[in-house]
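Structure below is protein25.cif: mmCIF, C-alpha atoms.
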```
data_protein
#
loop_
_atom_site.label_atom_id
_atom_site.label_comp_id
_atom_site.auth_asym_id
_atom_site.auth_seq_id
_atom_site.Cartn_x
_atom_site.Cartn_y
_atom_site.Cartn_z
CA MET A 1 -156.28 -19.24 33.71
CA SER A 2 -155.09 -22.77 33.00
CA GLN A 3 -153.47 -23.65 29.68
CA MET A 4 -156.41 -25.91 28.86
CA LEU A 5 -158.89 -23.05 29.29
CA GLN A 6 -156.72 -20.69 27.24
CA ILE A 7 -156.56 -23.20 24.39
CA HIS A 8 -160.29 -23.90 24.68
CA ASP A 9 -161.21 -20.22 24.57
CA GLN A 10 -158.96 -19.48 21.59
CA LEU A 11 -160.16 -22.51 19.63
CA ARG A 12 -163.78 -21.71 20.44
CA GLU A 13 -163.39 -18.16 19.15
CA MET A 14 -161.70 -19.42 15.96
CA ILE A 15 -164.56 -21.86 15.36
CA LEU A 16 -167.38 -19.40 16.08
CA SER A 17 -165.80 -16.70 13.88
CA LEU A 18 -165.27 -19.21 11.03
CA ASP A 19 -161.47 -18.81 11.16
CA LEU A 20 -161.68 -22.59 11.40
CA GLY A 21 -164.31 -23.67 8.90
CA PRO A 22 -167.08 -26.21 9.47
CA GLY A 23 -165.69 -29.65 8.63
CA GLU A 24 -162.04 -28.58 8.91
CA ARG A 25 -159.72 -31.29 10.24
CA LEU A 26 -157.85 -30.66 13.49
CA THR A 27 -154.81 -32.80 14.18
CA GLU A 28 -153.30 -32.85 17.63
CA ARG A 29 -149.88 -32.23 16.10
CA TRP A 30 -151.09 -29.05 14.39
CA LEU A 31 -152.79 -27.90 17.58
CA GLU A 32 -149.63 -28.52 19.62
CA SER A 33 -147.68 -26.37 17.19
CA ARG A 34 -150.36 -23.67 16.91
CA PHE A 35 -150.85 -23.21 20.64
CA GLU A 36 -147.40 -24.28 21.83
CA GLY A 37 -149.11 -26.66 24.23
CA SER A 38 -148.68 -30.24 25.29
CA ARG A 39 -151.05 -33.01 24.27
CA THR A 40 -152.88 -33.29 27.61
CA PRO A 41 -154.37 -29.74 27.80
CA ILE A 42 -155.11 -29.82 24.07
CA ARG A 43 -157.06 -33.06 24.40
CA ALA A 44 -158.90 -31.67 27.43
CA ALA A 45 -159.82 -28.54 25.47
CA LEU A 46 -161.08 -30.65 22.56
CA VAL A 47 -163.21 -32.81 24.87
CA ARG A 48 -164.72 -29.62 26.32
CA LEU A 49 -165.48 -28.31 22.82
CA GLU A 50 -166.96 -31.70 21.93
CA GLY A 51 -169.34 -31.26 24.86
CA GLU A 52 -170.38 -27.91 23.34
CA GLU A 53 -170.90 -29.72 19.98
CA LEU A 54 -168.37 -27.49 18.24
CA VAL A 55 -165.96 -30.30 17.35
CA ARG A 56 -166.37 -34.00 16.60
CA ARG A 57 -164.06 -36.99 16.70
CA ASP A 58 -162.85 -38.20 13.32
CA GLY A 59 -160.99 -41.43 13.90
CA ARG A 60 -157.81 -40.51 15.73
CA ASN A 61 -158.23 -36.84 14.88
CA TRP A 62 -160.95 -34.22 15.19
CA ILE A 63 -163.03 -32.03 12.88
CA VAL A 64 -164.86 -28.77 13.38
CA ALA A 65 -168.57 -29.64 13.55
CA PRO A 66 -170.44 -28.96 10.28
CA ILE A 67 -173.19 -26.35 10.13
CA ASP A 68 -176.43 -28.32 10.54
CA LEU A 69 -179.45 -26.83 8.80
CA GLY A 70 -181.77 -29.07 10.81
CA GLU A 71 -180.34 -27.49 13.95
CA LEU A 72 -181.25 -24.03 12.65
CA GLU A 73 -184.88 -25.19 12.33
CA ALA A 74 -184.84 -26.64 15.84
CA LEU A 75 -183.27 -23.50 17.31
CA ALA A 76 -186.01 -21.32 15.84
CA GLU A 77 -188.66 -23.56 17.43
CA PHE A 78 -186.79 -23.29 20.74
CA ARG A 79 -186.27 -19.54 20.58
CA ILE A 80 -189.79 -18.37 19.69
CA PRO A 81 -191.52 -19.26 22.99
CA LEU A 82 -188.47 -18.14 24.98
CA GLU A 83 -187.96 -14.80 23.31
CA THR A 84 -191.65 -13.91 23.12
CA THR A 85 -191.82 -14.55 26.87
CA ALA A 86 -188.68 -12.45 27.35
CA VAL A 87 -190.09 -9.42 25.52
CA ARG A 88 -193.40 -9.65 27.38
CA LEU A 89 -191.55 -9.65 30.70
CA ALA A 90 -189.30 -6.84 29.48
CA CYS A 91 -192.37 -4.67 28.83
CA ALA A 92 -193.31 -5.08 32.47
CA ARG A 93 -189.88 -4.93 34.07
CA ALA A 94 -187.44 -2.89 31.97
CA SER A 95 -186.54 0.62 33.06
CA ALA A 96 -186.23 3.56 30.70
CA ALA A 97 -182.47 3.53 31.30
CA ASP A 98 -182.26 -0.17 30.35
CA ILE A 99 -184.05 0.47 27.07
CA ALA A 100 -182.00 3.58 26.33
CA ALA A 101 -178.76 1.59 26.73
CA ILE A 102 -179.88 -0.94 24.10
CA GLU A 103 -181.02 1.88 21.79
CA GLU A 104 -177.59 3.44 22.06
CA THR A 105 -175.91 0.14 21.20
CA LEU A 106 -178.10 -0.31 18.11
CA ASP A 107 -177.62 3.30 16.99
CA ALA A 108 -173.84 2.96 17.24
CA CYS A 109 -173.92 0.17 14.63
CA GLN A 110 -174.72 1.86 11.34
CA SER A 111 -173.67 1.54 7.69
CA GLY A 112 -169.91 1.33 7.42
CA ALA A 113 -169.42 -0.57 10.67
CA PRO A 114 -167.35 -3.74 10.23
CA ARG A 115 -169.15 -7.09 9.95
CA GLU A 116 -167.62 -8.12 13.27
CA GLU A 117 -169.47 -5.27 14.97
CA TRP A 118 -172.79 -6.13 13.31
CA HIS A 119 -172.38 -9.74 14.39
CA ARG A 120 -171.57 -8.79 17.99
CA VAL A 121 -174.36 -6.24 18.31
CA GLY A 122 -176.92 -8.63 16.82
CA THR A 123 -176.01 -11.29 19.36
CA ASP A 124 -175.86 -8.84 22.25
CA PHE A 125 -179.29 -7.45 21.37
CA HIS A 126 -181.05 -10.77 21.97
CA VAL A 127 -179.12 -11.48 25.16
CA GLU A 128 -179.71 -8.00 26.55
CA ILE A 129 -183.45 -8.19 25.81
CA ALA A 130 -183.43 -11.47 27.72
CA ARG A 131 -181.75 -9.69 30.64
CA LEU A 132 -184.57 -7.14 30.68
CA SER A 133 -186.91 -10.04 31.48
CA GLY A 134 -185.23 -10.35 34.89
CA ASN A 135 -185.22 -14.14 34.56
CA PRO A 136 -181.71 -15.67 34.68
CA PHE A 137 -182.88 -18.98 33.22
CA ILE A 138 -184.23 -17.24 30.12
CA VAL A 139 -180.96 -15.30 29.79
CA LYS A 140 -178.87 -18.48 29.95
CA ALA A 141 -181.05 -20.31 27.43
CA ILE A 142 -181.09 -17.46 24.91
CA ALA A 143 -177.35 -16.85 25.26
CA GLY A 144 -176.76 -20.54 24.54
CA ALA A 145 -179.02 -20.49 21.50
CA MET A 146 -177.26 -17.43 20.10
CA THR A 147 -173.91 -19.17 20.51
CA ARG A 148 -175.23 -22.14 18.54
CA LEU A 149 -176.33 -19.72 15.79
CA SER A 150 -173.06 -17.80 15.75
CA ARG A 151 -171.41 -19.46 12.75
CA ALA A 152 -174.52 -19.30 10.55
CA ARG A 153 -175.02 -15.64 11.49
CA TRP A 154 -171.56 -14.75 10.21
CA LEU A 155 -172.88 -15.71 6.80
CA GLU A 156 -176.04 -13.64 7.34
CA VAL A 157 -174.15 -10.44 8.12
CA TRP A 158 -172.02 -10.86 5.00
CA THR A 159 -174.20 -8.50 2.92
CA GLU A 160 -175.31 -4.99 3.78
CA PRO A 161 -179.04 -5.55 2.98
CA SER A 162 -179.18 -8.50 5.40
CA ARG A 163 -177.44 -6.50 8.12
CA GLU A 164 -179.77 -3.56 7.72
CA GLN A 165 -182.90 -5.72 7.67
CA ALA A 166 -181.91 -7.38 10.95
CA TRP A 167 -181.17 -3.92 12.43
CA ARG A 168 -184.61 -2.62 11.47
CA GLU A 169 -186.29 -5.67 12.99
CA HIS A 170 -184.35 -5.20 16.23
CA ARG A 171 -185.41 -1.54 16.36
CA ARG A 172 -189.07 -2.50 15.94
CA ILE A 173 -188.91 -5.05 18.75
CA LEU A 174 -187.29 -2.51 21.05
CA GLY A 175 -189.80 0.14 20.01
CA PHE A 176 -192.73 -2.02 21.10
CA ILE A 177 -191.02 -2.76 24.42
CA LYS A 178 -190.48 0.97 24.91
CA ALA A 179 -194.15 1.59 24.11
CA ASN A 180 -195.09 -1.10 26.66
CA ASP A 181 -196.98 -3.13 24.04
CA PRO A 182 -196.27 -6.77 24.96
CA ASP A 183 -198.52 -8.32 22.30
CA ALA A 184 -196.91 -6.35 19.46
CA ALA A 185 -193.41 -6.94 20.87
CA ALA A 186 -194.06 -10.69 21.04
CA ARG A 187 -195.42 -10.80 17.48
CA GLU A 188 -192.43 -8.83 16.18
CA ALA A 189 -189.96 -11.07 18.03
CA ALA A 190 -191.59 -14.23 16.66
CA ASP A 191 -191.64 -12.81 13.11
CA HIS A 192 -187.99 -11.76 13.42
CA ILE A 193 -186.87 -15.23 14.52
CA THR A 194 -188.89 -16.87 11.72
CA ASP A 195 -187.61 -14.44 9.08
CA THR A 196 -184.01 -14.88 10.26
CA ARG A 197 -184.37 -18.65 10.09
CA ASP A 198 -185.80 -18.46 6.58
CA ARG A 199 -183.03 -16.10 5.40
CA LEU A 200 -180.30 -18.31 6.84
CA LEU A 201 -181.73 -21.53 5.44
CA ARG A 202 -182.31 -19.98 2.02
CA SER A 203 -178.82 -18.51 1.91
CA LEU A 204 -177.10 -21.67 3.10
CA ASN A 205 -179.11 -23.92 0.78
CA GLU A 206 -178.56 -21.69 -2.26
CA ASP A 207 -174.84 -21.32 -1.59
CA ARG A 208 -173.97 -24.93 -0.77
CA ARG A 209 -171.63 -25.17 -3.76
CA GLY A 210 -169.86 -21.93 -2.85
CA LEU A 211 -169.56 -22.98 0.77
CA ARG A 212 -168.09 -26.33 -0.24
CA ALA A 213 -165.60 -24.49 -2.44
CA ARG A 214 -164.49 -22.59 0.67
CA GLY A 215 -164.13 -25.88 2.51
CA PHE A 216 -167.25 -25.42 4.68
CA ALA A 217 -169.29 -28.51 5.54
CA VAL A 218 -173.07 -27.94 5.61
CA ILE A 219 -175.42 -30.82 6.38
CA GLY A 220 -179.15 -31.27 6.91
CA LEU A 221 -182.17 -29.87 5.12
CA ARG A 222 -182.34 -29.02 1.44
#
```

This structure in structure tokens:
Amino acid sequence: MSQMLQIHDQLREMILSLDLGPGERLTERWLESRFEGSRTPIRAALVRLEGEELVRRDGRNWIVAPIDLGELEALAEFRIPLETTAVRLACARASAADIAAIEETLDACQSGAPREEWHRVGTDFHVEIARLSGNPFIVKAIAGAMTRLSRARWLEVWTEPSREQAWREHRRILGFIKANDPDAAAREAADHITDTRDRLLRSLNEDRRGLRARGFAVIGLR
């Protein structure tokens, strides 16, 4: 792997996991020191991250892109028709073994599991349901949407009640797929996306002051 890709991948993980907070300044000098890299691969990595809308130019330097509440609204609108289509197709195409594998993943993530595991399993659930649809375009679109949601979802999994609510909603969606009930699965998926959006927006709006105190930049709806 090239040095540029190594730097890109490490920076991307730091941004998505909130190790680098929304709005945090990134100087090329700091990045050179942090990654022991030269300016050329670092700039190339930043340009690639800019294309993913994870960083922005700030004069001669860069900043981690703020969390945009308007984007969370738009992502929910984008996800609902995609994911309801995915679960309908999954009802028709998924094998018992496919469903059992997702059940096992969900069951392995119970109370006491670290937040990192809840975050990973929650993301993987939506992508794996998309895979059950058998449509690679749906998989790619949903995986991209879940990446865009990654930073906001770290804040959602911060409390145990939020984690457990999301887990229960995932189980219900999977249960309807297992029962081969596409209408109920689609309704549950749409309700889950809407409820998740509302929880995230409410949490982020109510905690703007606390987030600012932690150095996080949040823009958009109020």

Within 12 Å of Leu155 in chain A, counting all atoms listed in the file, which residues qualify if same-chain residues fewer than 2 places away don't, as a JSON list (two decimals) with C-alpha atoms, in the coordinates of the input?
```json
[["chain", "number", "residue", "atom", "x", "y", "z"],
["A", 16, "LEU", "CA", -167.38, -19.40, 16.08],
["A", 17, "SER", "CA", -165.80, -16.70, 13.88],
["A", 18, "LEU", "CA", -165.27, -19.21, 11.03],
["A", 21, "GLY", "CA", -164.31, -23.67, 8.90],
["A", 67, "ILE", "CA", -173.19, -26.35, 10.13],
["A", 115, "ARG", "CA", -169.15, -7.09, 9.95],
["A", 116, "GLU", "CA", -167.62, -8.12, 13.27],
["A", 118, "TRP", "CA", -172.79, -6.13, 13.31],
["A", 119, "HIS", "CA", -172.38, -9.74, 14.39],
["A", 149, "LEU", "CA", -176.33, -19.72, 15.79],
["A", 150, "SER", "CA", -173.06, -17.80, 15.75],
["A", 151, "ARG", "CA", -171.41, -19.46, 12.75],
["A", 152, "ALA", "CA", -174.52, -19.30, 10.55],
["A", 153, "ARG", "CA", -175.02, -15.64, 11.49],
["A", 157, "VAL", "CA", -174.15, -10.44, 8.12],
["A", 158, "TRP", "CA", -172.02, -10.86, 5.00],
["A", 159, "THR", "CA", -174.20, -8.50, 2.92],
["A", 160, "GLU", "CA", -175.31, -4.99, 3.78],
["A", 162, "SER", "CA", -179.18, -8.50, 5.40],
["A", 163, "ARG", "CA", -177.44, -6.50, 8.12],
["A", 196, "THR", "CA", -184.01, -14.88, 10.26],
["A", 199, "ARG", "CA", -183.03, -16.10, 5.40],
["A", 200, "LEU", "CA", -180.30, -18.31, 6.84],
["A", 201, "LEU", "CA", -181.73, -21.53, 5.44],
["A", 202, "ARG", "CA", -182.31, -19.98, 2.02],
["A", 203, "SER", "CA", -178.82, -18.51, 1.91],
["A", 204, "LEU", "CA", -177.10, -21.67, 3.10],
["A", 205, "ASN", "CA", -179.11, -23.92, 0.78],
["A", 207, "ASP", "CA", -174.84, -21.32, -1.59],
["A", 208, "ARG", "CA", -173.97, -24.93, -0.77],
["A", 210, "GLY", "CA", -169.86, -21.93, -2.85],
["A", 211, "LEU", "CA", -169.56, -22.98, 0.77],
["A", 216, "PHE", "CA", -167.25, -25.42, 4.68]]
```

Exercise. Quote the spacing between CA of Glu77 in chain A and CA of Leu132 in chain A in Å to one decimal place.
Key: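 Interatomic distance, CA of Glu77 in chain A to CA of Leu132 in chain A: 21.5 Å.
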
Exercise. Find, counting only C-alpha atoms, the residue in A:Glu50, A:Glu83, A:Glu164, A:Asp68 that gets nearest to Gly122 in chain A.
Key: A:Glu164

Self-check item: Which of A:Arg131, A:Gln3, A:Asp195, A:Met14 sits closest to Ser38 in chain A [using all atoms listed in the file]
Solution: A:Gln3

Quiz prompt | Point-to-point distance in Å for CA of Arg48 in chain A and CA of Glu28 in chain A | solution = 14.7 Å

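Of the listed residues (A:Leu106, A:Ile142, A:Leu46, A:Ile99), A:Ile142 comes nearest to Ala76 in chain A; the distances count all atoms listed in the file.
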
Self-check item: Matched chain/residue IDs from the PyMOL selection byres ((chain A and resi 175-188) around 7), as a VMD selection string
Solution: chain A and resid 84 87 to 88 90 to 91 99 171 to 174 189 to 192

Quick one: write out the picked residues with C-alpha atoms as a PDB file, in the frame of the given file?
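Once everything was written out, this is result_23.pdb:
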```
ATOM      1  CA  THR A  84    -191.650 -13.910  23.120  1.00  0.00           C
ATOM      2  CA  VAL A  87    -190.090  -9.420  25.520  1.00  0.00           C
ATOM      3  CA  ARG A  88    -193.400  -9.650  27.380  1.00  0.00           C
ATOM      4  CA  ALA A  90    -189.300  -6.840  29.480  1.00  0.00           C
ATOM      5  CA  CYS A  91    -192.370  -4.670  28.830  1.00  0.00           C
ATOM      6  CA  ILE A  99    -184.050   0.470  27.070  1.00  0.00           C
ATOM      7  CA  ARG A 171    -185.410  -1.540  16.360  1.00  0.00           C
ATOM      8  CA  ARG A 172    -189.070  -2.500  15.940  1.00  0.00           C
ATOM      9  CA  ILE A 173    -188.910  -5.050  18.750  1.00  0.00           C
ATOM     10  CA  LEU A 174    -187.290  -2.510  21.050  1.00  0.00           C
ATOM     11  CA  ALA A 189    -189.960 -11.070  18.030  1.00  0.00           C
ATOM     12  CA  ALA A 190    -191.590 -14.230  16.660  1.00  0.00           C
ATOM     13  CA  ASP A 191    -191.640 -12.810  13.110  1.00  0.00           C
ATOM     14  CA  HIS A 192    -187.990 -11.760  13.420  1.00  0.00           C
TER      15      HIS A 192
END
```

Quiz item: For the atom pair CA of Thr105 in chain A and CA of Ala130 in chain A, what is the interatomic distance in Å to one decimal place?
Solution: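 About the pair CA of Thr105 in chain A and CA of Ala130 in chain A: they are 15.3 Å apart.
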
Exercise. Determine, counting all atoms listed in the file, which protein, DNA and RNA residues have an atom within 9 Å of an atom of Cys109 in chain A; residues of the same chain fewer than 5 positions away are not included. Present the result as a PyMOL selection string.
Key: chain A and resi 104+114+117-118+121+167
